[in-house]
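Below is input-v8.pdb, which holds PDB, C-alpha atoms and all ligand atoms.
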```pdb
MODEL        1
ATOM      1  CA  MET A  23     -27.560 187.132-117.761
ATOM      2  CA  ILE A  24     -29.635 187.163-120.922
ATOM      3  CA  THR A  25     -33.412 186.900-120.787
ATOM      4  CA  ILE A  26     -35.331 185.999-123.936
ATOM      5  CA  ARG A  27     -38.952 187.152-123.795
ATOM      6  CA  GLN A  28     -41.800 188.156-126.052
ATOM      7  CA  GLU A  29     -41.754 191.751-127.267
ATOM      8  CA  GLN A  30     -44.070 193.953-125.205
ATOM      9  CA  VAL A  31     -45.692 197.358-125.618
ATOM     10  CA  GLY A  32     -42.970 199.871-124.772
ATOM     11  CA  ASP A  33     -40.145 197.898-126.432
ATOM     12  CA  GLU A  34     -40.677 199.511-129.859
ATOM     13  CA  THR A  35     -37.978 202.187-129.701
ATOM     14  CA  ALA A  36     -35.306 199.846-128.331
ATOM     15  CA  VAL A  37     -36.152 197.215-130.945
ATOM     16  CA  TYR A  38     -35.877 199.865-133.658
ATOM     17  CA  HIS A  39     -32.420 200.907-132.454
ATOM     18  CA  VAL A  40     -31.154 197.318-132.190
ATOM     19  CA  ASN A  41     -32.176 196.590-135.787
ATOM     20  CA  GLU A  42     -30.840 199.880-137.116
ATOM     21  CA  ALA A  43     -27.489 199.467-135.365
ATOM     22  CA  ALA A  44     -27.071 195.784-136.270
ATOM     23  CA  PHE A  45     -27.817 196.236-139.968
ATOM     24  CA  GLY A  46     -26.225 199.687-140.212
ATOM     25  CA  ARG A  47     -29.291 201.058-141.975
ATOM     26  CA  ALA A  48     -32.972 201.707-141.282
ATOM     27  CA  ALA A  49     -34.595 199.265-143.741
ATOM     28  CA  GLU A  50     -34.996 196.307-141.349
ATOM     29  CA  ALA A  51     -36.013 198.560-138.445
ATOM     30  CA  ASP A  52     -38.645 200.190-140.670
ATOM     31  CA  LEU A  53     -39.818 196.746-141.798
ATOM     32  CA  VAL A  54     -40.481 195.760-138.180
ATOM     33  CA  VAL A  55     -42.424 199.013-137.636
ATOM     34  CA  ALA A  56     -44.532 198.385-140.749
ATOM     35  CA  LEU A  57     -45.332 194.780-139.785
ATOM     36  CA  ARG A  58     -46.201 195.784-136.228
ATOM     37  CA  ARG A  59     -48.467 198.567-137.501
ATOM     38  CA  ARG A  60     -50.473 196.178-139.689
ATOM     39  CA  ALA A  61     -50.482 193.543-136.932
ATOM     40  CA  LEU A  62     -52.427 195.993-134.743
ATOM     41  CA  LYS A  63     -55.266 195.953-137.287
ATOM     42  CA  GLN A  64     -55.009 192.422-138.629
ATOM     43  CA  ARG A  65     -54.418 189.095-136.966
ATOM     44  CA  GLY A  66     -51.582 186.850-138.058
ATOM     45  CA  VAL A  67     -49.204 189.440-139.562
ATOM     46  CA  VAL A  68     -46.530 188.718-136.961
ATOM     47  CA  THR A  69     -46.193 185.127-135.732
ATOM     48  CA  LEU A  70     -43.710 185.830-132.943
ATOM     49  CA  SER A  71     -41.463 188.708-131.894
ATOM     50  CA  LEU A  72     -38.832 188.066-129.212
ATOM     51  CA  VAL A  73     -36.301 190.336-127.539
ATOM     52  CA  ALA A  74     -33.078 189.564-125.690
ATOM     53  CA  GLU A  75     -32.647 191.634-122.564
ATOM     54  CA  ARG A  76     -29.555 192.100-120.441
ATOM     55  CA  ALA A  77     -29.502 194.256-117.311
ATOM     56  CA  GLY A  78     -32.712 195.961-118.438
ATOM     57  CA  GLU A  79     -31.333 196.756-121.910
ATOM     58  CA  ILE A  80     -32.760 195.226-125.088
ATOM     59  CA  VAL A  81     -29.717 193.938-126.982
ATOM     60  CA  GLY A  82     -31.325 191.601-129.523
ATOM     61  CA  HIS A  83     -34.503 191.013-131.492
ATOM     62  CA  ILE A  84     -35.971 188.330-133.730
ATOM     63  CA  LEU A  85     -39.198 188.370-135.675
ATOM     64  CA  PHE A  86     -41.146 185.565-137.306
ATOM     65  CA  SER A  87     -43.969 186.169-139.776
ATOM     66  CA  PRO A  88     -46.211 183.978-141.943
ATOM     67  CA  VAL A  89     -45.118 183.085-145.468
ATOM     68  CA  THR A  90     -46.900 181.072-148.135
ATOM     69  CA  ILE A  91     -45.490 178.290-150.290
ATOM     70  CA  THR A  92     -47.459 177.938-153.515
ATOM     71  CA  ASP A  93     -47.001 174.833-155.687
ATOM     72  CA  GLU A  94     -47.419 174.552-159.456
ATOM     73  CA  ALA A  95     -51.041 173.459-159.105
ATOM     74  CA  GLY A  96     -51.826 176.534-156.997
ATOM     75  CA  GLY A  97     -51.920 174.650-153.698
ATOM     76  CA  VAL A  98     -50.849 176.861-150.811
ATOM     77  CA  VAL A  99     -49.080 175.811-147.620
ATOM     78  CA  THR A 100     -48.557 178.338-144.835
ATOM     79  CA  ALA A 101     -45.134 178.387-143.192
ATOM     80  CA  VAL A 102     -43.162 180.789-141.007
ATOM     81  CA  GLY A 103     -40.342 183.097-142.119
ATOM     82  CA  LEU A 104     -37.502 184.065-139.782
ATOM     83  CA  GLY A 105     -36.295 187.636-140.005
ATOM     84  CA  PRO A 106     -35.062 190.077-139.273
ATOM     85  CA  LEU A 107     -32.651 188.851-136.587
ATOM     86  CA  ALA A 108     -30.481 191.522-135.009
ATOM     87  CA  VAL A 109     -28.032 191.745-132.121
ATOM     88  CA  SER A 110     -26.560 195.082-130.997
ATOM     89  CA  PRO A 111     -23.036 195.411-132.402
ATOM     90  CA  HIS A 112     -21.483 195.696-128.908
ATOM     91  CA  CYS A 113     -23.098 192.383-127.890
ATOM     92  CA  GLN A 114     -22.433 190.206-130.928
ATOM     93  CA  ARG A 115     -20.614 186.855-130.800
ATOM     94  CA  GLU A 116     -21.795 186.156-127.269
ATOM     95  CA  GLY A 117     -24.453 183.641-128.254
ATOM     96  CA  ILE A 118     -27.400 186.054-128.100
ATOM     97  CA  GLY A 119     -28.435 185.527-131.734
ATOM     98  CA  SER A 120     -28.307 181.773-131.128
ATOM     99  CA  GLN A 121     -30.456 182.025-127.996
ATOM    100  CA  LEU A 122     -33.051 184.141-129.817
ATOM    101  CA  THR A 123     -33.158 181.706-132.738
ATOM    102  CA  GLN A 124     -33.285 178.551-130.615
ATOM    103  CA  THR A 125     -35.974 179.945-128.316
ATOM    104  CA  GLY A 126     -38.026 181.076-131.300
ATOM    105  CA  VAL A 127     -37.710 177.706-133.023
ATOM    106  CA  GLU A 128     -38.809 175.897-129.861
ATOM    107  CA  MET A 129     -41.797 178.204-129.308
ATOM    108  CA  LEU A 130     -42.921 177.785-132.911
ATOM    109  CA  ARG A 131     -42.563 174.018-132.615
ATOM    110  CA  GLN A 132     -44.623 173.999-129.424
ATOM    111  CA  ALA A 133     -47.269 176.111-131.134
ATOM    112  CA  GLY A 134     -47.565 173.480-133.868
ATOM    113  CA  HIS A 135     -45.878 175.258-136.776
ATOM    114  CA  GLU A 136     -44.331 172.824-139.226
ATOM    115  CA  ILE A 137     -42.001 174.699-141.592
ATOM    116  CA  LEU A 138     -39.550 177.550-141.021
ATOM    117  CA  ILE A 139     -37.866 179.518-143.812
ATOM    118  CA  VAL A 140     -34.922 181.903-143.652
ATOM    119  CA  LEU A 141     -32.999 184.049-146.090
ATOM    120  CA  GLY A 142     -29.643 184.702-144.492
ATOM    121  CA  HIS A 143     -26.011 183.918-143.876
ATOM    122  CA  PRO A 144     -25.337 180.349-145.113
ATOM    123  CA  GLU A 145     -22.573 179.946-142.493
ATOM    124  CA  TYR A 146     -24.848 180.911-139.607
ATOM    125  CA  TYR A 147     -28.244 179.235-139.904
ATOM    126  CA  PRO A 148     -27.348 175.557-140.586
ATOM    127  CA  ARG A 149     -26.245 175.236-136.938
ATOM    128  CA  PHE A 150     -29.917 175.538-135.967
ATOM    129  CA  GLY A 151     -31.057 172.832-138.385
ATOM    130  CA  PHE A 152     -31.662 174.864-141.539
ATOM    131  CA  ALA A 153     -30.657 173.396-144.911
ATOM    132  CA  PRO A 154     -30.746 174.893-148.416
ATOM    133  CA  ALA A 155     -34.347 175.015-149.657
ATOM    134  CA  ASN A 156     -33.615 174.468-153.341
ATOM    135  CA  PRO A 157     -33.128 170.651-153.127
ATOM    136  CA  PHE A 158     -36.626 170.470-151.614
ATOM    137  CA  GLY A 159     -38.016 172.304-154.634
ATOM    138  CA  ILE A 160     -38.717 175.341-152.481
ATOM    139  CA  ARG A 161     -37.654 178.695-153.907
ATOM    140  CA  TRP A 162     -38.147 182.337-153.098
ATOM    141  CA  GLU A 163     -40.169 184.472-155.498
ATOM    142  CA  ILE A 164     -37.011 186.547-156.015
ATOM    143  CA  GLU A 165     -33.810 184.939-157.279
ATOM    144  CA  VAL A 166     -31.179 184.682-154.523
ATOM    145  CA  PRO A 167     -28.027 182.578-154.048
ATOM    146  CA  ASP A 168     -29.192 178.976-153.479
ATOM    147  CA  GLU A 169     -27.265 178.513-150.237
ATOM    148  CA  ALA A 170     -28.756 181.649-148.617
ATOM    149  CA  PHE A 171     -32.363 180.500-148.875
ATOM    150  CA  MET A 172     -32.906 177.811-146.256
ATOM    151  CA  VAL A 173     -35.671 175.743-144.763
ATOM    152  CA  MET A 174     -36.234 173.603-141.666
ATOM    153  CA  ALA A 175     -38.979 171.132-140.781
ATOM    154  CA  LEU A 176     -40.205 171.776-137.248
ATOM    155  CA  LYS A 177     -41.633 168.272-136.968
ATOM    156  CA  PRO A 178     -40.621 164.983-138.603
ATOM    157  CA  GLY A 179     -41.930 164.837-142.154
ATOM    158  CA  GLY A 180     -42.958 168.487-142.024
ATOM    159  CA  LEU A 181     -41.515 169.100-145.481
ATOM    160  CA  ASP A 182     -42.887 165.956-147.115
ATOM    161  CA  GLY A 183     -44.590 166.825-150.383
ATOM    162  CA  VAL A 184     -44.087 170.577-149.900
ATOM    163  CA  THR A 185     -42.684 172.406-152.934
ATOM    164  CA  GLY A 186     -43.164 175.763-154.556
ATOM    165  CA  ILE A 187     -42.569 179.475-154.418
ATOM    166  CA  VAL A 188     -42.256 181.256-151.069
ATOM    167  CA  ARG A 189     -43.874 184.635-150.569
ATOM    168  CA  TYR A 190     -43.280 186.815-147.524
ATOM    169  CA  GLN A 191     -45.629 189.511-146.209
ATOM    170  CA  PRO A 192     -45.760 192.496-148.618
ATOM    171  CA  GLU A 193     -43.749 194.689-146.215
ATOM    172  CA  PHE A 194     -40.632 192.625-147.049
ATOM    173  CA  THR A 195     -40.680 193.749-150.687
ATOM    174  CA  GLY A 196     -37.606 195.797-151.471
ATOM    175  CA  VAL A 197     -35.898 195.335-148.094
TER     176      VAL A 197
HETATM  177  C1  LIG B 201     -25.981 187.603-137.389
HETATM  178  C2  LIG B 201     -26.188 187.993-135.929
HETATM  179  C3  LIG B 201     -27.667 188.100-135.626
HETATM  180  C4  LIG B 201     -25.547 186.917-135.061
HETATM  181  O1  LIG B 201     -25.810 187.221-133.715
HETATM  182  P1  LIG B 201     -24.705 186.899-132.597
HETATM  183  O2  LIG B 201     -25.340 187.080-131.281
HETATM  184  O3  LIG B 201     -23.485 187.686-132.895
HETATM  185  O4  LIG B 201     -24.437 185.368-132.941
HETATM  186  P2  LIG B 201     -23.974 184.224-131.935
HETATM  187  O5  LIG B 201     -23.113 184.809-130.878
HETATM  188  O6  LIG B 201     -25.164 183.450-131.552
HETATM  189  O7  LIG B 201     -23.152 183.336-132.920
HETATM  190  C5  LIG B 201     -21.885 183.767-133.275
HETATM  191  C6  LIG B 201     -21.522 183.010-134.495
HETATM  192  O8  LIG B 201     -22.187 183.600-135.585
HETATM  193  C7  LIG B 201     -21.263 183.821-136.609
HETATM  194  N1  LIG B 201     -21.673 185.014-137.307
HETATM  195  C8  LIG B 201     -21.982 186.204-136.794
HETATM  196  N2  LIG B 201     -22.284 187.054-137.796
HETATM  197  C9  LIG B 201     -22.160 186.344-138.929
HETATM  198  C10 LIG B 201     -22.311 186.664-140.282
HETATM  199  N3  LIG B 201     -22.623 187.884-140.685
HETATM  200  N4  LIG B 201     -22.116 185.696-141.194
HETATM  201  C11 LIG B 201     -21.776 184.463-140.803
HETATM  202  N5  LIG B 201     -21.601 184.104-139.533
HETATM  203  C12 LIG B 201     -21.796 185.042-138.623
HETATM  204  C13 LIG B 201     -19.954 184.015-135.937
HETATM  205  O9  LIG B 201     -18.914 183.652-136.787
HETATM  206  C14 LIG B 201     -20.039 183.059-134.784
HETATM  207  O10 LIG B 201     -19.671 181.784-135.226
HETATM  208  P3  LIG B 201     -18.850 180.798-134.311
HETATM  209  O11 LIG B 201     -19.763 180.502-133.152
HETATM  210  O12 LIG B 201     -18.623 179.624-135.199
HETATM  211  O13 LIG B 201     -17.649 181.580-133.942
HETATM  212  C15 LIG B 201     -25.504 189.348-135.587
HETATM  213  O14 LIG B 201     -24.152 189.264-135.943
HETATM  214  C16 LIG B 201     -26.128 190.550-136.287
HETATM  215  O15 LIG B 201     -27.045 191.179-135.760
HETATM  216  N6  LIG B 201     -25.610 190.861-137.477
HETATM  217  C17 LIG B 201     -26.087 191.998-138.235
HETATM  218  C18 LIG B 201     -27.471 191.775-138.758
HETATM  219  C19 LIG B 201     -27.589 190.481-139.540
HETATM  220  O16 LIG B 201     -26.767 190.178-140.400
HETATM  221  N7  LIG B 201     -28.672 189.728-139.233
HETATM  222  C20 LIG B 201     -28.930 188.448-139.830
HETATM  223  C21 LIG B 201     -29.565 188.635-141.141
HETATM  224  S1  LIG B 201     -29.710 187.098-141.944
ENDMDL
END
```

Kindly present the structure from the file in structure tokens form.
Amino acid sequence: MITIRQEQVGDETAVYHVNEAAFGRAAEADLVVALRRRALKQRGVVTLSLVAERAGEIVGHILFSPVTITDEAGGVVTAVGLGPLAVSPHCQREGIGSQLTQTGVEMLRQAGHEILIVLGHPEYYPRFGFAPANPFGIRWEIEVPDEAFMVMALKPGGLDGVTGIVRYQPEFTGV
């Protein structure tokens, strides 16, 4: 049985290993460490961090952090960015990534967040309600393939009138 729960003190090493193994490199694992480190000193650096646990083992992790969307007139809307999402290679394709994403989306919705952004696999995220961001006039500050940069309104009309350039927390730069 899989349990999805908020990350707790003591989970750090397991979360690091899940990210490192899933991505096959340390960049995303190091990103999570850097965000967590700043979150200890500053509120609002991490919106939500969830783990998937099976038989006492952490086998998945998802992190959400604040992003800004700045329009041409300089108006700024705060949204949430999904990522990284990682499932241990020996546990993939069992629905764990989906459970982490769906639970996270529901918790963010309950908390009143209105817009969720993701940069990721265009075949994976639409199943959760994401759609390409470009037709909404929402772009990332870095050029990426249109279909990989996606957005979802967490409440009806949540994207109405929202356009502009998305910026993630500085720790994401270069990852
Ligand atoms: C992507 C990832 C989180 C999915 O987690 P998971 O637990 O295996 O996913 P689920 O079991 O919920 O869903 C499986 C579905 O995802 C699809 N999927 C898995 N990895 C995929 C990928 N890299 N690209 C596209 N689709 C992918 C599978 O085809 C499967 O689709 P199906 O249900 O139509 O057969 C996991 O494969 C992973 O950690 N990958 C490495 C890290 C990564 O790429 N993270 C996402 C960054 S955007």

Inset, instruction - Kindly work out which residues sit at most 8 Å from ligand LIG 201 (chain B), using all atoms listed in the file, and give the list as a PyMOL selection string. - result: chain A and resi 41+44-46+82+105-111+113-121+140-146

Legend entry - Atom pair atom CA of A:Trp162 / atom CA of A:Gly96: separation (Å):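 Separation between atom CA of A:Trp162 and atom CA of A:Gly96: 15.4 Å.
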
Legend entry - Selection under test: the PyMOL selection byres (((chain A and resi 137) around 12) and not hetatm); residues as a PyMOL selection string: chain A and resi 86-91+99-104+127+130-131+133-136+138-140+151-153+155+160+172-182+184-185+188

Legend entry - Explicit residues for the PyMOL selection byres (((chain A and resi 70) around 9) and not hetatm) (as a ChimeraX atom specification): /A:28-29,68-69,71-72,84-87,126,129-130

Legend entry - Option closest in space to A:Arg189, from A:Ala170, A:Ile164, A:Ala48, A:Val81 [counting all atoms listed in the file]: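 Closest residue, counting all atoms listed in the file: A:Ile164.
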
Inset, instruction - Considering all atoms listed in the file, state which residue in the set A:His83, A:Ala74, A:Tyr38, A:Gly66 is at the smallest distance from A:Leu53. - result: A:Tyr38

Legend entry - Hits of the PyMOL selection byres (((chain A and resi 194) around 10) and not hetatm) in this structure, as a ChimeraX atom specification: /A:49-50,53-54,56-57,105-106,189-193,195-197

Inset, instruction - Would you work out the distance separating atom CA of A:Thr123 from atom CA of A:Phe150, expressed in Å to one decimal? - result: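 Those two atoms sit 7.7 Å apart.
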
Legend entry - Residue contacts of A:Gly159 (10 Å, only C-alpha atoms) excluding same-chain residues fewer than 5 positions away, as a PyMOL selection string: chain A and resi 93+154+183-187

Legend entry - Interatomic distance, atom CA of A:Arg59 to atom CA of A:Arg76 (Å, one decimal): 26.3 Å
